[in-house]
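Colleague: Contents of start38.pdb (PDB, C-alpha atoms) are below:
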```
MODEL        1
ATOM      1  CA  MET Z   1      26.252 -17.391 -34.790  1.00  0.00           C
ATOM      2  CA  THR Z   2      28.492 -16.438 -31.880  1.00  0.00           C
ATOM      3  CA  ALA Z   3      27.921 -17.237 -28.249  1.00  0.00           C
ATOM      4  CA  ASP Z   4      27.627 -13.540 -27.469  1.00  0.00           C
ATOM      5  CA  HIS Z   5      24.861 -12.743 -24.996  1.00  0.00           C
ATOM      6  CA  ALA Z   6      23.330 -10.070 -27.238  1.00  0.00           C
ATOM      7  CA  ASP Z   7      22.920 -12.460 -30.185  1.00  0.00           C
ATOM      8  CA  ARG Z   8      20.657 -14.906 -28.404  1.00  0.00           C
ATOM      9  CA  PRO Z   9      16.957 -14.503 -29.076  1.00  0.00           C
ATOM     10  CA  GLY Z  10      15.209 -13.125 -26.023  1.00  0.00           C
ATOM     11  CA  ALA Z  11      18.381 -11.734 -24.429  1.00  0.00           C
ATOM     12  CA  ALA Z  12      17.021  -8.189 -24.528  1.00  0.00           C
ATOM     13  CA  ARG Z  13      13.753  -9.445 -23.061  1.00  0.00           C
ATOM     14  CA  GLN Z  14      15.597 -11.063 -20.149  1.00  0.00           C
ATOM     15  CA  ARG Z  15      17.658  -7.928 -19.491  1.00  0.00           C
ATOM     16  CA  TRP Z  16      14.557  -5.730 -19.429  1.00  0.00           C
ATOM     17  CA  ARG Z  17      12.691  -8.240 -17.270  1.00  0.00           C
ATOM     18  CA  GLY Z  18      15.510  -8.334 -14.713  1.00  0.00           C
ATOM     19  CA  LEU Z  19      15.839  -4.552 -14.583  1.00  0.00           C
ATOM     20  CA  LEU Z  20      12.113  -3.897 -14.299  1.00  0.00           C
ATOM     21  CA  LEU Z  21      11.620  -6.628 -11.690  1.00  0.00           C
ATOM     22  CA  ALA Z  22      14.472  -5.217  -9.604  1.00  0.00           C
ATOM     23  CA  LEU Z  23      12.967  -1.726  -9.772  1.00  0.00           C
ATOM     24  CA  GLY Z  24       9.531  -3.077  -8.852  1.00  0.00           C
ATOM     25  CA  VAL Z  25      10.890  -4.962  -5.846  1.00  0.00           C
ATOM     26  CA  LEU Z  26      12.701  -1.823  -4.679  1.00  0.00           C
ATOM     27  CA  ALA Z  27       9.487   0.218  -5.005  1.00  0.00           C
ATOM     28  CA  LEU Z  28       7.518  -2.384  -3.036  1.00  0.00           C
ATOM     29  CA  ALA Z  29      10.182  -2.482  -0.328  1.00  0.00           C
ATOM     30  CA  GLN Z  30      10.144   1.316  -0.132  1.00  0.00           C
ATOM     31  CA  ALA Z  31       6.356   1.358   0.346  1.00  0.00           C
ATOM     32  CA  ILE Z  32       6.592  -1.244   3.114  1.00  0.00           C
ATOM     33  CA  VAL Z  33       9.440   0.559   4.906  1.00  0.00           C
ATOM     34  CA  MET Z  34       7.671   3.921   4.699  1.00  0.00           C
ATOM     35  CA  ALA Z  35       4.480   2.412   6.142  1.00  0.00           C
ATOM     36  CA  TYR Z  36       6.492   0.801   8.950  1.00  0.00           C
ATOM     37  CA  PHE Z  37       8.193   4.058   9.923  1.00  0.00           C
ATOM     38  CA  ALA Z  38       4.895   5.937   9.778  1.00  0.00           C
ATOM     39  CA  THR Z  39       3.250   3.431  12.133  1.00  0.00           C
ATOM     40  CA  THR Z  40       6.112   3.534  14.653  1.00  0.00           C
ATOM     41  CA  ALA Z  41       6.489   7.326  14.736  1.00  0.00           C
ATOM     42  CA  GLY Z  42       5.978   9.106  18.033  1.00  0.00           C
ATOM     43  CA  ASN Z  43       4.442  12.456  18.902  1.00  0.00           C
ATOM     44  CA  LEU Z  44       6.346  14.640  21.386  1.00  0.00           C
ATOM     45  CA  GLY Z  45       3.453  17.038  21.813  1.00  0.00           C
ATOM     46  CA  MET Z  46       5.638  20.113  21.348  1.00  0.00           C
ATOM     47  CA  ALA Z  47       7.194  22.322  18.708  1.00  0.00           C
ATOM     48  CA  LEU Z  48      10.485  24.217  18.578  1.00  0.00           C
ATOM     49  CA  GLN Z  49      10.730  27.927  17.788  1.00  0.00           C
ATOM     50  CA  ARG Z  50      13.994  29.616  16.876  1.00  0.00           C
ATOM     51  CA  THR Z  51      15.273  32.339  19.166  1.00  0.00           C
ATOM     52  CA  SER Z  52      17.929  34.992  18.728  1.00  0.00           C
ATOM     53  CA  GLY Z  53      20.354  32.859  20.758  1.00  0.00           C
ATOM     54  CA  ARG Z  54      22.683  30.550  18.873  1.00  0.00           C
ATOM     55  CA  HIS Z  55      21.488  26.910  19.065  1.00  0.00           C
ATOM     56  CA  VAL Z  56      18.794  27.786  21.613  1.00  0.00           C
ATOM     57  CA  ASP Z  57      15.158  27.056  20.814  1.00  0.00           C
ATOM     58  CA  ARG Z  58      12.010  27.973  22.709  1.00  0.00           C
ATOM     59  CA  ILE Z  59       9.523  25.152  23.055  1.00  0.00           C
ATOM     60  CA  VAL Z  60       5.783  25.436  22.584  1.00  0.00           C
ATOM     61  CA  VAL Z  61       3.965  22.654  24.402  1.00  0.00           C
ATOM     62  CA  ASP Z  62       0.662  21.189  23.219  1.00  0.00           C
ATOM     63  CA  PRO Z  63      -1.761  20.971  26.150  1.00  0.00           C
ATOM     64  CA  GLY Z  64      -2.338  17.342  27.035  1.00  0.00           C
ATOM     65  CA  GLY Z  65       0.641  16.135  24.977  1.00  0.00           C
ATOM     66  CA  ALA Z  66       3.564  13.985  26.070  1.00  0.00           C
ATOM     67  CA  ALA Z  67       5.803  17.010  26.743  1.00  0.00           C
ATOM     68  CA  ALA Z  68       3.178  18.586  29.014  1.00  0.00           C
ATOM     69  CA  ALA Z  69       2.771  15.302  30.897  1.00  0.00           C
ATOM     70  CA  ALA Z  70       6.553  15.169  31.413  1.00  0.00           C
ATOM     71  CA  GLY Z  71       6.580  18.641  32.974  1.00  0.00           C
ATOM     72  CA  ALA Z  72       7.687  20.842  30.088  1.00  0.00           C
ATOM     73  CA  ARG Z  73       6.046  24.250  29.709  1.00  0.00           C
ATOM     74  CA  THR Z  74       5.686  26.674  26.857  1.00  0.00           C
ATOM     75  CA  GLY Z  75       8.584  29.127  27.059  1.00  0.00           C
ATOM     76  CA  ASP Z  76      11.181  26.660  28.345  1.00  0.00           C
ATOM     77  CA  LEU Z  77      14.467  26.946  26.481  1.00  0.00           C
ATOM     78  CA  LEU Z  78      16.339  24.062  24.870  1.00  0.00           C
ATOM     79  CA  ASP Z  79      20.069  24.346  24.113  1.00  0.00           C
ATOM     80  CA  ILE Z  80      20.504  22.061  21.112  1.00  0.00           C
ATOM     81  CA  GLU Z  81      24.275  21.777  21.658  1.00  0.00           C
ATOM     82  CA  LYS Z  82      23.706  20.044  25.018  1.00  0.00           C
ATOM     83  CA  ILE Z  83      22.001  17.139  23.283  1.00  0.00           C
ATOM     84  CA  ALA Z  84      23.932  14.188  21.800  1.00  0.00           C
ATOM     85  CA  ALA Z  85      24.022  14.053  17.997  1.00  0.00           C
ATOM     86  CA  GLY Z  86      21.717  11.024  17.761  1.00  0.00           C
ATOM     87  CA  GLU Z  87      19.158  12.575  20.085  1.00  0.00           C
ATOM     88  CA  ARG Z  88      19.351  15.848  18.164  1.00  0.00           C
ATOM     89  CA  TYR Z  89      18.628  14.015  14.924  1.00  0.00           C
ATOM     90  CA  ARG Z  90      15.657  12.206  16.494  1.00  0.00           C
ATOM     91  CA  LEU Z  91      14.327  15.476  17.879  1.00  0.00           C
ATOM     92  CA  ARG Z  92      14.470  17.242  14.521  1.00  0.00           C
ATOM     93  CA  TYR Z  93      13.400  14.439  12.164  1.00  0.00           C
ATOM     94  CA  GLY Z  94      11.098  12.204  14.150  1.00  0.00           C
ATOM     95  CA  VAL Z  95      11.044  10.296  17.375  1.00  0.00           C
ATOM     96  CA  ARG Z  96       9.942   6.686  17.665  1.00  0.00           C
ATOM     97  CA  ALA Z  97       6.923   5.814  19.751  1.00  0.00           C
ATOM     98  CA  ASP Z  98       7.632   4.660  23.317  1.00  0.00           C
ATOM     99  CA  VAL Z  99      11.371   5.456  23.065  1.00  0.00           C
ATOM    100  CA  PRO Z 100      12.206   8.054  25.748  1.00  0.00           C
ATOM    101  CA  ILE Z 101      14.139  11.184  24.883  1.00  0.00           C
ATOM    102  CA  VAL Z 102      15.817  13.364  27.524  1.00  0.00           C
ATOM    103  CA  LEU Z 103      15.760  17.106  26.879  1.00  0.00           C
ATOM    104  CA  PRO Z 104      17.957  19.466  28.951  1.00  0.00           C
ATOM    105  CA  LEU Z 105      15.443  22.291  29.294  1.00  0.00           C
ATOM    106  CA  GLU Z 106      16.059  25.565  31.055  1.00  0.00           C
ATOM    107  CA  ARG Z 107      13.292  27.423  32.889  1.00  0.00           C
ATOM    108  CA  VAL Z 108      14.005  30.916  34.203  1.00  0.00           C
ATOM    109  CA  GLY Z 109      17.759  30.262  34.096  1.00  0.00           C
ATOM    110  CA  ALA Z 110      17.585  27.004  36.077  1.00  0.00           C
ATOM    111  CA  PRO Z 111      18.311  23.654  34.388  1.00  0.00           C
ATOM    112  CA  ARG Z 112      15.343  21.327  34.305  1.00  0.00           C
ATOM    113  CA  PRO Z 113      15.952  18.039  32.420  1.00  0.00           C
ATOM    114  CA  VAL Z 114      12.762  16.424  31.165  1.00  0.00           C
ATOM    115  CA  THR Z 115      12.298  12.842  29.951  1.00  0.00           C
ATOM    116  CA  ILE Z 116       9.536  12.553  27.377  1.00  0.00           C
ATOM    117  CA  VAL Z 117       8.103   9.195  26.299  1.00  0.00           C
ATOM    118  CA  PRO Z 118       6.243   9.934  23.060  1.00  0.00           C
ATOM    119  CA  PRO Z 119       3.043   7.999  22.394  1.00  0.00           C
ATOM    120  CA  PRO Z 120       2.378   6.681  18.879  1.00  0.00           C
ATOM    121  CA  ALA Z 121       1.430   9.401  16.423  1.00  0.00           C
ATOM    122  CA  PRO Z 122      -2.010   8.938  14.890  1.00  0.00           C
ATOM    123  CA  LEU Z 123      -1.998   7.879  11.248  1.00  0.00           C
ATOM    124  CA  SER Z 124      -4.828   9.237   9.128  1.00  0.00           C
ATOM    125  CA  TRP Z 125      -6.872   7.174   6.707  1.00  0.00           C
ATOM    126  CA  ASP Z 126      -5.415   9.009   3.714  1.00  0.00           C
ATOM    127  CA  ALA Z 127      -1.882   8.069   4.791  1.00  0.00           C
ATOM    128  CA  TRP Z 128      -2.923   4.401   4.962  1.00  0.00           C
ATOM    129  CA  LEU Z 129      -4.557   4.735   1.559  1.00  0.00           C
ATOM    130  CA  SER Z 130      -1.372   6.275   0.153  1.00  0.00           C
ATOM    131  CA  TYR Z 131       0.813   3.389   1.389  1.00  0.00           C
ATOM    132  CA  ALA Z 132      -1.658   0.818   0.065  1.00  0.00           C
ATOM    133  CA  ALA Z 133      -1.721   2.577  -3.322  1.00  0.00           C
ATOM    134  CA  GLU Z 134       2.088   2.627  -3.497  1.00  0.00           C
ATOM    135  CA  ALA Z 135       2.232  -1.111  -2.798  1.00  0.00           C
ATOM    136  CA  TRP Z 136      -0.536  -1.799  -5.343  1.00  0.00           C
ATOM    137  CA  ILE Z 137       1.273   0.182  -8.048  1.00  0.00           C
ATOM    138  CA  ALA Z 138       4.529  -1.654  -7.319  1.00  0.00           C
ATOM    139  CA  LEU Z 139       2.747  -5.027  -7.564  1.00  0.00           C
ATOM    140  CA  PHE Z 140       1.102  -3.969 -10.839  1.00  0.00           C
ATOM    141  CA  CYS Z 141       4.518  -2.959 -12.200  1.00  0.00           C
ATOM    142  CA  LEU Z 142       5.979  -6.307 -11.146  1.00  0.00           C
ATOM    143  CA  LEU Z 143       3.209  -8.104 -13.021  1.00  0.00           C
ATOM    144  CA  LEU Z 144       3.804  -6.031 -16.153  1.00  0.00           C
ATOM    145  CA  ALA Z 145       7.557  -6.566 -15.926  1.00  0.00           C
ATOM    146  CA  TRP Z 146       7.085 -10.316 -15.607  1.00  0.00           C
ATOM    147  CA  ARG Z 147       4.450 -10.732 -18.323  1.00  0.00           C
ATOM    148  CA  CYS Z 148       5.568  -8.414 -21.131  1.00  0.00           C
ATOM    149  CA  PRO Z 149       9.067  -6.949 -20.760  1.00  0.00           C
ATOM    150  CA  GLU Z 150       9.514  -6.916 -24.564  1.00  0.00           C
ATOM    151  CA  ASN Z 151       6.621  -4.490 -25.054  1.00  0.00           C
ATOM    152  CA  ARG Z 152       7.957  -0.931 -25.284  1.00  0.00           C
ATOM    153  CA  GLN Z 153       4.713   0.629 -24.063  1.00  0.00           C
ATOM    154  CA  ALA Z 154       4.602  -1.678 -21.031  1.00  0.00           C
ATOM    155  CA  ARG Z 155       8.237  -0.854 -20.185  1.00  0.00           C
ATOM    156  CA  THR Z 156       7.479   2.848 -20.493  1.00  0.00           C
ATOM    157  CA  LEU Z 157       4.419   2.514 -18.262  1.00  0.00           C
ATOM    158  CA  VAL Z 158       6.372   0.571 -15.628  1.00  0.00           C
ATOM    159  CA  LEU Z 159       9.187   3.137 -15.594  1.00  0.00           C
ATOM    160  CA  TYR Z 160       6.667   5.990 -15.435  1.00  0.00           C
ATOM    161  CA  LEU Z 161       4.706   4.452 -12.559  1.00  0.00           C
ATOM    162  CA  LEU Z 162       7.818   3.601 -10.585  1.00  0.00           C
ATOM    163  CA  GLY Z 163       9.257   7.072 -11.168  1.00  0.00           C
TER     164      GLY Z 163
ENDMDL
END
```
As a first step, turn the structure in this file into structure tokens.

Modeller:
Amino acid sequence: MTADHADRPGAARQRWRGLLLALGVLALAQAIVMAYFATTAGNLGMALQRTSGRHVDRIVVDPGGAAAAAGARTGDLLDIEKIAAGERYRLRYGVRADVPIVLPLERVGAPRPVTIVPPPAPLSWDAWLSYAAEAWIALFCLLLAWRCPENRQARTLVLYLLG
């Protein structure tokens, strides 16, 4: 018998165990990170509407929201090109709670910069349930990967659940 890794009894079991455990840990980490970002997300209290002007959006302010409290009004214009790239990304894909964002608004042709401090966005019970379910599934997959990596059906179930 050679010293080749594949010839040892249980070598395939160890390879599958390592792979499945790594995938399970990644899935658990993803669930935790997603829950963290959801709990630290902010709510600007406004929406952007496209206009015919290039890179200019019209804002629609929610009454009582953070944008209204900062002095923004529905109909103000926002020139996206006047915003730094990082701020533009935050504006489009999600602001963090309590991190101010400065928007160079324009009202009736006059510049009117507004600093908005978004409060935390409310997280519904079904979002919490979803994150808890993702973590539970990842933990279940880790248990299966640890206990029976040689079982083809268990491997298939783990890969299916993690996919």

Colleague: For atom CA of Z:Leu44 and atom CA of Z:Pro63, determine how far apart the two atoms are, in Å to one decimal place.

Modeller: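 Going from atom CA of Z:Leu44 over to atom CA of Z:Pro63 covers 11.3 Å.
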
Colleague: Given the file shown, determine the residues that the PyMOL selection byres ((chain Z and resi 75) around 8) selects; report them as a list of chain:residue names.

Modeller: Z:Arg58, Z:Ile59, Z:Val60, Z:Arg73, Z:Thr74, Z:Asp76, Z:Leu77, Z:Arg107

Colleague: Give the answer as one residue: which of Z:Ile83, Z:Ile116, Z:Ala133, Z:Asp126 has the shortest atom-to-atom distance to Z:Ile32, using only C-alpha atoms?

Modeller: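 Using only C-alpha atoms, the shortest distance to Z:Ile32 belongs to Z:Ala133.
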
Colleague: Counting all atoms listed in the file, which residues come within 12 Å of (9.6, 9.2, -9.2), with the point read in the file's coordinates, and could you list them as JSON, numbers by chain?

Modeller: {"Z": [23, 27, 134, 158, 159, 160, 161, 162, 163]}

Colleague: Which residues fall under the PyMOL selection byres ((chain Z and resi 39) around 12) in this file, as a list of chain:residue names?

Modeller: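 Selected by the PyMOL selection byres ((chain Z and resi 39) around 12) in this file: Z:Ile32, Z:Val33, Z:Met34, Z:Ala35, Z:Tyr36, Z:Phe37, Z:Ala38, Z:Thr40, Z:Ala41, Z:Gly42, Z:Asn43, Z:Gly94, Z:Val95, Z:Arg96, Z:Ala97, Z:Pro119, Z:Pro120, Z:Ala121, Z:Pro122, Z:Leu123, Z:Ser124, Z:Ala127, Z:Trp128, Z:Tyr131.
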
Colleague: The residues within 10 Å of (22.7, 26.9, 20.3), using all atoms listed in the file and the coordinates of the file, should be reported as a PyMOL selection string; which are they?

Modeller: chain Z and resi 50-57+78-82

Colleague: Dump C-alpha atoms for the selected residues as a PDB file, in the coordinates of the input?

Modeller:
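Contents of result13.pdb, as written:
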```pdb
ATOM      1  CA  ARG Z  50      13.994  29.616  16.876  1.00  0.00           C
ATOM      2  CA  THR Z  51      15.273  32.339  19.166  1.00  0.00           C
ATOM      3  CA  SER Z  52      17.929  34.992  18.728  1.00  0.00           C
ATOM      4  CA  GLY Z  53      20.354  32.859  20.758  1.00  0.00           C
ATOM      5  CA  ARG Z  54      22.683  30.550  18.873  1.00  0.00           C
ATOM      6  CA  HIS Z  55      21.488  26.910  19.065  1.00  0.00           C
ATOM      7  CA  VAL Z  56      18.794  27.786  21.613  1.00  0.00           C
ATOM      8  CA  ASP Z  57      15.158  27.056  20.814  1.00  0.00           C
ATOM      9  CA  LEU Z  78      16.339  24.062  24.870  1.00  0.00           C
ATOM     10  CA  ASP Z  79      20.069  24.346  24.113  1.00  0.00           C
ATOM     11  CA  ILE Z  80      20.504  22.061  21.112  1.00  0.00           C
ATOM     12  CA  GLU Z  81      24.275  21.777  21.658  1.00  0.00           C
ATOM     13  CA  LYS Z  82      23.706  20.044  25.018  1.00  0.00           C
TER      14      LYS Z  82
END
```

Colleague: Which residue gives the smallest distance to Z:Asp98 among Z:Ala72, Z:Pro113, Z:Ala66, Z:Ala11, with all atoms listed in the file counted?

Modeller: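 Selected residue with least distance to Z:Asp98: Z:Ala66.
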
Colleague: Between atom CA of Z:Ala145 and atom CA of Z:Leu26, what is the spacing in Å?

Modeller: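 About the pair atom CA of Z:Leu26 and atom CA of Z:Ala145: they are 13.2 Å apart.
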
Colleague: I'd like the contact shell of Z:Arg92 - 10 Å cut-off, only C-alpha atoms, skipping same-chain residues fewer than 5 positions apart - returned as a ChimeraX atom specification.

Modeller: /Z:47-48,87
